[in-house]
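Printed here is my_file_33.tsv (TSV, C-alpha atoms):
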```tsv
chain	number	residue	atom	x	y	z
A	186	MET	CA	-20.95	0.50	-38.79
A	187	PRO	CA	-19.15	0.01	-35.44
A	188	ARG	CA	-20.76	1.58	-32.42
A	189	ARG	CA	-18.71	4.72	-31.82
A	190	ASP	CA	-20.78	5.45	-28.70
A	191	LEU	CA	-19.34	2.26	-27.16
A	192	LEU	CA	-15.81	3.48	-27.81
A	193	ASN	CA	-16.64	6.93	-26.49
A	194	ASN	CA	-18.11	5.44	-23.30
A	195	LEU	CA	-14.86	3.57	-22.76
A	196	GLY	CA	-13.11	6.95	-22.82
A	197	ASP	CA	-15.29	8.08	-19.93
A	198	ARG	CA	-13.73	5.39	-17.73
A	199	GLY	CA	-10.14	6.35	-18.45
A	200	ARG	CA	-9.94	4.19	-21.54
A	201	ILE	CA	-8.34	5.09	-24.85
A	202	ASP	CA	-10.87	6.73	-27.19
A	203	LEU	CA	-10.11	5.75	-30.78
A	204	SER	CA	-13.06	7.53	-32.40
A	205	PRO	CA	-10.93	10.50	-33.58
A	206	VAL	CA	-8.41	8.10	-35.12
A	207	ILE	CA	-10.79	5.68	-36.81
A	208	THR	CA	-12.51	7.49	-39.65
A	209	ARG	CA	-13.69	4.41	-41.53
A	210	ARG	CA	-14.76	0.95	-40.52
A	211	VAL	CA	-11.83	-1.33	-39.88
A	212	GLN	CA	-11.99	-4.61	-41.75
A	213	VAL	CA	-10.02	-7.66	-40.77
A	214	GLU	CA	-11.14	-10.50	-42.97
A	215	ALA	CA	-10.01	-13.31	-40.65
A	216	VAL	CA	-11.90	-11.82	-37.70
A	217	GLU	CA	-14.96	-11.20	-39.84
A	218	ASP	CA	-14.88	-14.77	-41.22
A	219	THR	CA	-14.66	-16.28	-37.73
A	220	ILE	CA	-17.52	-14.16	-36.43
A	221	HIS	CA	-19.58	-14.86	-39.57
A	222	LYS	CA	-19.16	-18.65	-39.22
A	223	ASP	CA	-20.10	-18.52	-35.52
A	224	MET	CA	-23.14	-16.37	-36.28
A	225	VAL	CA	-24.36	-18.63	-39.10
A	226	ALA	CA	-24.13	-21.67	-36.84
A	227	SER	CA	-25.88	-19.84	-34.00
A	228	VAL	CA	-28.70	-18.51	-36.20
A	229	LYS	CA	-29.28	-21.94	-37.73
A	230	ALA	CA	-29.39	-23.57	-34.30
A	231	ARG	CA	-31.71	-20.94	-32.81
A	232	LEU	CA	-34.08	-20.96	-35.75
A	233	GLY	CA	-33.88	-24.73	-36.23
A	234	LEU	CA	-32.80	-24.37	-39.86
A	235	GLN	CA	-31.00	-26.96	-41.97
A	236	GLY	CA	-28.86	-26.24	-45.04
A	237	ASP	CA	-28.19	-22.74	-46.29
A	238	LEU	CA	-29.77	-19.71	-44.68
A	239	PRO	CA	-32.30	-17.75	-46.73
A	240	ALA	CA	-30.71	-14.93	-48.75
A	241	GLU	CA	-32.27	-12.18	-46.60
A	242	VAL	CA	-30.97	-13.77	-43.39
A	243	THR	CA	-27.56	-14.35	-44.97
A	244	GLU	CA	-27.32	-10.65	-45.81
A	245	VAL	CA	-28.32	-9.60	-42.29
A	246	VAL	CA	-25.77	-12.01	-40.78
A	247	LYS	CA	-23.06	-10.75	-43.15
A	248	THR	CA	-23.73	-7.11	-42.24
A	249	ALA	CA	-23.89	-7.85	-38.52
A	250	ALA	CA	-20.71	-9.96	-38.67
A	251	SER	CA	-18.89	-7.14	-40.46
A	252	ALA	CA	-19.99	-4.58	-37.85
A	253	ALA	CA	-19.17	-6.95	-34.97
A	254	ALA	CA	-15.71	-7.68	-36.40
A	255	ALA	CA	-14.98	-3.97	-36.83
A	256	SER	CA	-16.05	-3.31	-33.24
A	257	ALA	CA	-13.98	-6.24	-31.98
A	258	VAL	CA	-10.89	-4.94	-33.77
A	259	GLU	CA	-11.42	-1.38	-32.54
A	260	LEU	CA	-11.99	-2.51	-28.95
A	261	THR	CA	-8.97	-4.81	-29.08
A	262	VAL	CA	-6.79	-1.98	-30.37
A	263	ALA	CA	-8.17	0.36	-27.69
A	264	ASP	CA	-7.44	-2.22	-24.98
A	265	ALA	CA	-3.92	-2.78	-26.36
A	266	ALA	CA	-3.31	0.99	-26.36
A	267	GLN	CA	-4.56	1.23	-22.79
A	268	GLN	CA	-2.30	-1.64	-21.71
A	269	ALA	CA	0.68	-0.01	-23.45
A	270	ALA	CA	-0.05	3.25	-21.63
A	271	ARG	CA	-0.19	1.37	-18.30
A	272	ASP	CA	3.09	-0.38	-19.11
A	273	VAL	CA	4.79	2.96	-19.78
A	274	GLY	CA	3.52	4.23	-16.43
A	275	ARG	CA	4.71	1.10	-14.66
A	276	ALA	CA	8.16	1.42	-16.21
A	277	SER	CA	8.39	4.98	-14.90
A	278	ILE	CA	7.31	3.91	-11.41
A	279	THR	CA	9.75	0.99	-11.43
A	280	SER	CA	12.57	3.27	-12.55
A	281	ARG	CA	11.83	5.76	-9.75
A	282	PHE	CA	11.63	2.90	-7.25
A	283	ASP	CA	14.99	1.55	-8.47
A	284	ASP	CA	16.48	5.03	-7.97
A	285	LYS	CA	15.19	5.14	-4.38
A	286	ILE	CA	16.59	1.66	-3.67
A	287	LYS	CA	19.98	2.78	-5.00
A	288	VAL	CA	19.93	5.87	-2.76
A	289	ALA	CA	19.02	3.71	0.25
A	290	ALA	CA	21.79	1.21	-0.53
A	291	ASP	CA	24.32	4.01	-1.02
A	292	SER	CA	23.20	5.59	2.26
A	293	LEU	CA	23.61	2.31	4.14
A	294	ALA	CA	27.05	1.81	2.60
A	295	HIS	CA	28.01	5.34	3.66
A	296	ILE	CA	26.72	4.81	7.19
A	297	SER	CA	28.45	1.44	7.49
A	298	ALA	CA	31.76	2.97	6.40
A	299	SER	CA	31.56	5.69	9.05
A	300	ASN	CA	33.88	5.35	12.07
A	301	GLU	CA	31.10	6.70	14.30
A	302	VAL	CA	28.59	3.92	13.55
A	303	ASP	CA	29.81	1.61	16.27
A	304	GLU	CA	29.63	4.40	18.86
A	305	VAL	CA	26.13	5.48	17.74
A	306	LEU	CA	24.86	1.89	17.85
A	307	ARG	CA	26.43	1.30	21.26
A	308	LYS	CA	24.82	4.46	22.71
A	309	ARG	CA	21.46	3.54	21.15
A	310	SER	CA	21.67	0.09	22.72
A	311	GLU	CA	22.54	1.59	26.09
A	312	LEU	CA	19.53	3.91	25.87
A	313	LEU	CA	17.24	1.02	24.97
A	314	ALA	CA	18.60	-1.01	27.88
A	315	LYS	CA	18.02	1.93	30.26
A	316	LYS	CA	14.49	2.35	28.95
A	317	ARG	CA	13.82	-1.37	29.43
A	318	ASP	CA	15.27	-1.23	32.96
A	319	SER	CA	13.12	1.78	33.85
A	320	LEU	CA	9.99	-0.01	32.56
A	321	VAL	CA	10.84	-3.03	34.73
A	322	ALA	CA	11.48	-0.71	37.70
A	323	ALA	CA	8.06	0.82	37.07
A	324	GLY	CA	6.44	-2.59	37.57
A	325	PHE	CA	6.35	-4.14	34.09
A	326	SER	CA	7.69	-7.67	33.63
A	327	GLY	CA	10.80	-8.13	31.50
A	328	GLU	CA	8.66	-9.50	28.68
A	329	GLU	CA	6.17	-6.63	28.90
A	330	ALA	CA	9.02	-4.10	28.90
A	331	MET	CA	10.45	-5.72	25.75
A	332	GLN	CA	7.04	-5.62	24.03
A	333	ILE	CA	6.69	-1.94	24.89
A	334	LEU	CA	10.16	-1.23	23.48
A	335	LEU	CA	9.40	-3.12	20.27
A	336	ALA	CA	6.07	-1.32	19.87
A	337	ASP	CA	7.82	2.02	20.40
A	338	ILE	CA	10.46	1.19	17.79
A	339	ALA	CA	7.78	0.05	15.31
A	340	ALA	CA	5.73	3.22	15.87
A	341	ARG	CA	8.77	5.42	15.18
A	342	ALA	CA	9.45	3.53	11.96
A	343	HIS	CA	6.15	4.73	10.52
```
Could you render the structure as C-alpha coordinates?
Amino acid sequence: MPRRDLLNNLGDRGRIDLSPVITRRVQVEAVEDTIHKDMVASVKARLGLQGDLPAEVTEVVKTAASAAAASAVELTVADAAQQAARDVGRASITSRFDDKIKVAADSLAHISASNEVDEVLRKRSELLAKKRDSLVAAGFSGEEAMQILLADIAARAH
(Lines of atoms letter the chains of each structure in order from A and count residues from 1; the text may use other names and numbers.)
(Lines give C-alpha, C1' and ligand atoms only; values in the text may rest on other atoms or scores of the structure.)
Protein backbone atom coordinates (compact mmCIF):
# COMPACT_ATOMS: atom_id res chain seq x y z
CA MET A 1 0.00 0.00 0.00
CA PRO A 2 1.40 3.47 -0.81
CA ARG A 3 2.36 5.63 2.11
CA ARG A 4 -0.53 8.06 2.45
CA ASP A 5 1.31 9.83 5.29
CA LEU A 6 3.99 10.83 2.76
CA LEU A 7 1.36 12.40 0.52
CA ASN A 8 -0.29 14.11 3.46
CA ASN A 9 3.05 15.55 4.60
CA LEU A 10 3.52 17.02 1.14
CA GLY A 11 0.22 18.85 1.66
CA ASP A 12 1.67 20.48 4.76
CA ARG A 13 4.26 22.24 2.59
CA GLY A 14 1.77 23.70 0.13
CA ARG A 15 1.77 20.62 -2.05
CA ILE A 16 -1.23 18.96 -3.65
CA ASP A 17 -2.71 16.30 -1.35
CA LEU A 18 -4.10 13.44 -3.44
CA SER A 19 -5.16 11.21 -0.54
CA PRO A 20 -8.87 12.18 -0.83
CA VAL A 21 -8.77 11.43 -4.57
CA ILE A 22 -6.88 8.15 -4.51
CA THR A 23 -9.06 5.53 -2.87
CA ARG A 24 -7.20 2.49 -4.19
CA ARG A 25 -3.62 1.74 -5.04
CA VAL A 26 -2.67 3.02 -8.46
CA GLN A 27 -1.04 0.43 -10.67
CA VAL A 28 1.04 1.27 -13.69
CA GLU A 29 2.53 -1.93 -14.99
CA ALA A 30 5.44 -0.33 -16.86
CA VAL A 31 6.53 1.61 -13.76
CA GLU A 32 6.14 -1.45 -11.58
CA ASP A 33 8.14 -3.62 -14.02
CA THR A 34 11.00 -1.11 -14.14
CA ILE A 35 11.14 -0.80 -10.36
CA HIS A 36 10.86 -4.60 -9.97
CA LYS A 37 13.79 -5.24 -12.35
CA ASP A 38 15.95 -2.64 -10.57
CA MET A 39 15.08 -4.10 -7.18
CA VAL A 40 15.84 -7.69 -8.23
CA ALA A 41 19.24 -6.64 -9.55
CA SER A 42 19.96 -4.62 -6.40
CA VAL A 43 18.89 -7.41 -4.02
CA LYS A 44 20.97 -9.97 -5.90
CA ALA A 45 24.01 -7.71 -5.84
CA ARG A 46 23.66 -6.83 -2.15
CA LEU A 47 23.08 -10.41 -1.07
CA GLY A 48 25.64 -11.84 -3.48
CA LEU A 49 23.10 -14.18 -5.07
CA GLN A 50 23.31 -15.80 -8.50
CA GLY A 51 20.37 -17.04 -10.56
CA ASP A 52 16.77 -16.69 -9.43
CA LEU A 53 15.89 -15.22 -6.07
CA PRO A 54 14.30 -17.55 -3.50
CA ALA A 55 10.48 -17.58 -3.68
CA GLU A 56 10.08 -15.76 -0.34
CA VAL A 57 12.45 -12.97 -1.43
CA THR A 58 10.77 -12.77 -4.84
CA GLU A 59 7.40 -12.22 -3.15
CA VAL A 60 8.79 -9.52 -0.85
CA VAL A 61 10.43 -7.76 -3.82
CA LYS A 62 7.21 -7.99 -5.85
CA THR A 63 5.14 -6.48 -3.03
CA ALA A 64 7.67 -3.74 -2.36
CA ALA A 65 7.99 -2.94 -6.07
CA SER A 66 4.22 -2.66 -6.37
CA ALA A 67 4.01 -0.29 -3.38
CA ALA A 68 6.99 1.76 -4.61
CA ALA A 69 5.48 2.05 -8.11
CA ALA A 70 2.14 3.18 -6.69
CA SER A 71 3.88 5.79 -4.54
CA ALA A 72 5.98 6.95 -7.50
CA VAL A 73 2.87 7.39 -9.65
CA GLU A 74 0.98 9.21 -6.90
CA LEU A 75 3.91 11.53 -6.16
CA THR A 76 4.44 12.21 -9.86
CA VAL A 77 0.77 13.08 -10.30
CA ALA A 78 0.88 15.30 -7.20
CA ASP A 79 3.97 17.10 -8.52
CA ALA A 80 2.34 17.52 -11.95
CA ALA A 81 -0.79 18.95 -10.30
CA GLN A 82 1.33 21.34 -8.25
CA GLN A 83 3.22 22.46 -11.37
CA ALA A 84 -0.06 22.98 -13.23
CA ALA A 85 -1.35 25.10 -10.34
CA ARG A 86 1.85 27.19 -10.43
CA ASP A 87 1.52 27.61 -14.19
CA VAL A 88 -2.04 28.90 -13.81
CA GLY A 89 -0.81 31.40 -11.22
CA ARG A 90 2.04 32.48 -13.47
CA ALA A 91 -0.32 33.00 -16.39
CA SER A 92 -2.48 35.26 -14.22
CA ILE A 93 0.55 37.26 -13.06
CA THR A 94 1.84 37.56 -16.63
CA SER A 95 -1.57 38.71 -17.84
CA ARG A 96 -1.76 41.39 -15.13
CA PHE A 97 1.80 42.48 -15.94
CA ASP A 98 0.92 42.72 -19.64
CA ASP A 99 -2.07 44.91 -18.72
CA LYS A 100 0.18 47.25 -16.71
CA ILE A 101 2.68 47.47 -19.59
CA LYS A 102 -0.17 48.38 -21.96
CA VAL A 103 -1.37 51.11 -19.59
CA ALA A 104 2.18 52.48 -19.31
CA ALA A 105 2.64 52.44 -23.10
CA ASP A 106 -0.74 54.13 -23.62
CA SER A 107 0.16 56.73 -21.00
CA LEU A 108 3.48 57.49 -22.69
CA ALA A 109 1.76 57.76 -26.06
CA HIS A 110 -0.78 60.16 -24.54
CA ILE A 111 1.93 62.26 -22.91
CA SER A 112 4.01 62.34 -26.10
CA ALA A 113 1.00 63.53 -28.10
CA SER A 114 0.35 66.42 -25.72
CA ASN A 115 1.27 69.92 -26.94
CA GLU A 116 2.44 70.79 -23.42
CA VAL A 117 5.15 68.11 -23.22
CA ASP A 118 7.86 70.24 -24.78
CA GLU A 119 7.11 73.11 -22.39
CA VAL A 120 7.06 70.80 -19.33
CA LEU A 121 10.36 69.19 -20.33
CA ARG A 122 11.96 72.57 -21.01
CA LYS A 123 10.89 73.92 -17.59
CA ARG A 124 12.09 70.73 -15.88
CA SER A 125 15.46 71.08 -17.59
CA GLU A 126 15.70 74.71 -16.54
CA LEU A 127 14.97 73.76 -12.93
CA LEU A 128 17.60 71.02 -13.01
CA ALA A 129 20.13 73.46 -14.47
CA LYS A 130 19.31 76.01 -11.74
CA LYS A 131 19.67 73.33 -9.08
CA ARG A 132 23.04 72.28 -10.53
CA ASP A 133 24.18 75.92 -10.66
CA SER A 134 23.16 76.50 -7.05
CA LEU A 135 25.07 73.38 -5.95
CA VAL A 136 28.18 74.66 -7.76
CA ALA A 137 27.67 78.10 -6.18
CA ALA A 138 27.49 76.37 -2.79
CA GLY A 139 30.98 74.96 -3.33
CA PHE A 140 30.43 71.60 -5.04
CA SER A 141 32.38 70.82 -8.20
CA GLY A 142 30.45 70.46 -11.45
CA GLU A 143 30.88 66.69 -11.28
CA GLU A 144 29.74 66.52 -7.65
CA ALA A 145 26.71 68.68 -8.46
CA MET A 146 25.79 66.31 -11.30
CA GLN A 147 26.14 63.26 -9.03
CA ILE A 148 23.89 64.90 -6.45
CA LEU A 149 21.28 65.66 -9.13
CA LEU A 150 21.38 62.09 -10.44
CA ALA A 151 21.08 60.68 -6.92
CA ASP A 152 18.12 62.97 -6.26
CA ILE A 153 16.40 61.88 -9.48
CA ALA A 154 17.03 58.20 -8.67
CA ALA A 155 15.67 58.61 -5.13
CA ARG A 156 12.46 60.19 -6.44
CA ALA A 157 12.00 57.32 -8.88
CA HIS A 158 11.60 54.89 -5.99
Residues within 8 Å of Ala253 of chain A, all atoms listed in the file, excluding chain neighbours under 4 positions, as a ChimeraX atom specification: /A:187,217,220,249,257
Pick from A:Ala250, A:Ile296, A:Ala330, A:Ala269: nearest to Lys315 of chain A, with all atoms listed in the file counted?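 Checking each of A:Ala250, A:Ile296, A:Ala330, A:Ala269 against Lys315 of chain A, counting all atoms listed in the file, the winner is A:Ala330.
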Separation of atom CA of Leu335 of chain A and atom CA of Asp318 of chain A, in Å? 14.1 Å
May I have the residues within 12 Å of segment 310-313 of chain A as a ChimeraX atom specification, using all atoms listed in the file and disregarding those fewer than 3 positions away in the same chain? /A:303-307,316-320,330-331,333-335,337-338
How many Å separate atom CA of Ser280 of chain A from atom CA of His343 of chain A?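 Calculated distance between atom CA of Ser280 of chain A and atom CA of His343 of chain A is 24.0 Å.
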Residues at most 12 Å from segment 223-233 of chain A, counting only C-alpha atoms, excluding those fewer than 3 positions away in the same chain, as a ChimeraX atom specification? /A:216-220,236-239,242-251,253-254
Interatomic distance, atom CA of Val262 of chain A to atom CA of Arg275 of chain A (Å, one decimal):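 That distance, rounded to one decimal, is 19.7 Å.
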Kindly provide, as JSON, the centre and edge lengths (Å, one decimal) of an axis-aligned box around all atoms of segment 296-311 of chain A given in the file, with 3 Å on each side.
```
{"center_x": 27.7, "center_y": 3.4, "center_z": 16.2, "size_x": 18.4, "size_y": 12.6, "size_z": 25.7}
```
Got a minute to add N, CA, C and O atoms to segment 249-270 of chain A and dump it as a PDB file, in the frame of the given file?
```
ATOM      1  N   ALA A 249     -24.114  -7.848 -39.968  1.00  0.00           N
ATOM      2  CA  ALA A 249     -23.890  -7.850 -38.520  1.00  0.00           C
ATOM      3  C   ALA A 249     -22.495  -8.378 -38.188  1.00  0.00           C
ATOM      4  O   ALA A 249     -21.820  -7.844 -37.296  1.00  0.00           O
ATOM      5  N   ALA A 250     -22.045  -9.410 -38.901  1.00  0.00           N
ATOM      6  CA  ALA A 250     -20.710  -9.960 -38.670  1.00  0.00           C
ATOM      7  C   ALA A 250     -19.642  -8.927 -38.998  1.00  0.00           C
ATOM      8  O   ALA A 250     -18.645  -8.791 -38.279  1.00  0.00           O
ATOM      9  N   SER A 251     -19.848  -8.182 -40.066  1.00  0.00           N
ATOM     10  CA  SER A 251     -18.890  -7.140 -40.460  1.00  0.00           C
ATOM     11  C   SER A 251     -18.806  -6.060 -39.381  1.00  0.00           C
ATOM     12  O   SER A 251     -17.711  -5.634 -38.991  1.00  0.00           O
ATOM     13  N   ALA A 252     -19.964  -5.616 -38.897  1.00  0.00           N
ATOM     14  CA  ALA A 252     -19.990  -4.580 -37.850  1.00  0.00           C
ATOM     15  C   ALA A 252     -19.376  -5.113 -36.558  1.00  0.00           C
ATOM     16  O   ALA A 252     -18.599  -4.420 -35.892  1.00  0.00           O
ATOM     17  N   ALA A 253     -19.705  -6.357 -36.201  1.00  0.00           N
ATOM     18  CA  ALA A 253     -19.170  -6.950 -34.970  1.00  0.00           C
ATOM     19  C   ALA A 253     -17.652  -7.101 -35.062  1.00  0.00           C
ATOM     20  O   ALA A 253     -16.927  -6.843 -34.093  1.00  0.00           O
ATOM     21  N   ALA A 254     -17.158  -7.523 -36.225  1.00  0.00           N
ATOM     22  CA  ALA A 254     -15.710  -7.680 -36.400  1.00  0.00           C
ATOM     23  C   ALA A 254     -15.010  -6.333 -36.292  1.00  0.00           C
ATOM     24  O   ALA A 254     -13.952  -6.225 -35.655  1.00  0.00           O
ATOM     25  N   ALA A 255     -15.578  -5.302 -36.910  1.00  0.00           N
ATOM     26  CA  ALA A 255     -14.980  -3.970 -36.830  1.00  0.00           C
ATOM     27  C   ALA A 255     -14.927  -3.492 -35.377  1.00  0.00           C
ATOM     28  O   ALA A 255     -13.917  -2.964 -34.922  1.00  0.00           O
ATOM     29  N   SER A 256     -16.030  -3.700 -34.653  1.00  0.00           N
ATOM     30  CA  SER A 256     -16.050  -3.310 -33.240  1.00  0.00           C
ATOM     31  C   SER A 256     -15.035  -4.099 -32.434  1.00  0.00           C
ATOM     32  O   SER A 256     -14.345  -3.538 -31.576  1.00  0.00           O
ATOM     33  N   ALA A 257     -14.944  -5.399 -32.708  1.00  0.00           N
ATOM     34  CA  ALA A 257     -13.980  -6.240 -31.980  1.00  0.00           C
ATOM     35  C   ALA A 257     -12.557  -5.765 -32.215  1.00  0.00           C
ATOM     36  O   ALA A 257     -11.754  -5.689 -31.276  1.00  0.00           O
ATOM     37  N   VAL A 258     -12.238  -5.419 -33.460  1.00  0.00           N
ATOM     38  CA  VAL A 258     -10.890  -4.940 -33.770  1.00  0.00           C
ATOM     39  C   VAL A 258     -10.631  -3.603 -33.074  1.00  0.00           C
ATOM     40  O   VAL A 258      -9.589  -3.407 -32.443  1.00  0.00           O
ATOM     41  N   GLU A 259     -11.596  -2.689 -33.165  1.00  0.00           N
ATOM     42  CA  GLU A 259     -11.420  -1.380 -32.540  1.00  0.00           C
ATOM     43  C   GLU A 259     -11.270  -1.492 -31.025  1.00  0.00           C
ATOM     44  O   GLU A 259     -10.404  -0.849 -30.420  1.00  0.00           O
ATOM     45  N   LEU A 260     -12.082  -2.332 -30.402  1.00  0.00           N
ATOM     46  CA  LEU A 260     -11.990  -2.510 -28.950  1.00  0.00           C
ATOM     47  C   LEU A 260     -10.681  -3.183 -28.560  1.00  0.00           C
ATOM     48  O   LEU A 260     -10.069  -2.823 -27.546  1.00  0.00           O
ATOM     49  N   THR A 261     -10.237  -4.134 -29.361  1.00  0.00           N
ATOM     50  CA  THR A 261      -8.970  -4.810 -29.080  1.00  0.00           C
ATOM     51  C   THR A 261      -7.813  -3.826 -29.188  1.00  0.00           C
ATOM     52  O   THR A 261      -6.909  -3.823 -28.342  1.00  0.00           O
ATOM     53  N   VAL A 262      -7.840  -2.984 -30.211  1.00  0.00           N
ATOM     54  CA  VAL A 262      -6.790  -1.980 -30.370  1.00  0.00           C
ATOM     55  C   VAL A 262      -6.832  -0.982 -29.212  1.00  0.00           C
ATOM     56  O   VAL A 262      -5.794  -0.615 -28.655  1.00  0.00           O
ATOM     57  N   ALA A 263      -8.038  -0.570 -28.815  1.00  0.00           N
ATOM     58  CA  ALA A 263      -8.170   0.360 -27.690  1.00  0.00           C
ATOM     59  C   ALA A 263      -7.627  -0.263 -26.405  1.00  0.00           C
ATOM     60  O   ALA A 263      -6.909   0.395 -25.641  1.00  0.00           O
ATOM     61  N   ASP A 264      -7.961  -1.532 -26.171  1.00  0.00           N
ATOM     62  CA  ASP A 264      -7.440  -2.220 -24.980  1.00  0.00           C
ATOM     63  C   ASP A 264      -5.922  -2.347 -25.029  1.00  0.00           C
ATOM     64  O   ASP A 264      -5.241  -2.170 -24.022  1.00  0.00           O
ATOM     65  N   ALA A 265      -5.380  -2.660 -26.219  1.00  0.00           N
ATOM     66  CA  ALA A 265      -3.920  -2.780 -26.360  1.00  0.00           C
ATOM     67  C   ALA A 265      -3.249  -1.434 -26.102  1.00  0.00           C
ATOM     68  O   ALA A 265      -2.195  -1.366 -25.464  1.00  0.00           O
ATOM     69  N   ALA A 266      -3.862  -0.355 -26.591  1.00  0.00           N
ATOM     70  CA  ALA A 266      -3.310   0.990 -26.360  1.00  0.00           C
ATOM     71  C   ALA A 266      -3.346   1.330 -24.879  1.00  0.00           C
ATOM     72  O   ALA A 266      -2.391   1.888 -24.334  1.00  0.00           O
ATOM     73  N   GLN A 267      -4.441   0.969 -24.220  1.00  0.00           N
ATOM     74  CA  GLN A 267      -4.560   1.230 -22.790  1.00  0.00           C
ATOM     75  C   GLN A 267      -3.500   0.448 -22.014  1.00  0.00           C
ATOM     76  O   GLN A 267      -2.872   0.972 -21.098  1.00  0.00           O
ATOM     77  N   GLN A 268      -3.305  -0.808 -22.379  1.00  0.00           N
ATOM     78  CA  GLN A 268      -2.300  -1.640 -21.710  1.00  0.00           C
ATOM     79  C   GLN A 268      -0.897  -1.059 -21.937  1.00  0.00           C
ATOM     80  O   GLN A 268      -0.088  -1.017 -21.019  1.00  0.00           O
ATOM     81  N   ALA A 269      -0.630  -0.608 -23.162  1.00  0.00           N
ATOM     82  CA  ALA A 269       0.680  -0.010 -23.450  1.00  0.00           C
ATOM     83  C   ALA A 269       0.895   1.243 -22.606  1.00  0.00           C
ATOM     84  O   ALA A 269       1.982   1.478 -22.089  1.00  0.00           O
ATOM     85  N   ALA A 270      -0.157   2.046 -22.452  1.00  0.00           N
ATOM     86  CA  ALA A 270      -0.050   3.250 -21.630  1.00  0.00           C
ATOM     87  C   ALA A 270       0.221   2.875 -20.169  1.00  0.00           C
ATOM     88  O   ALA A 270       1.035   3.516 -19.497  1.00  0.00           O
TER      89      ALA A 270
END
```
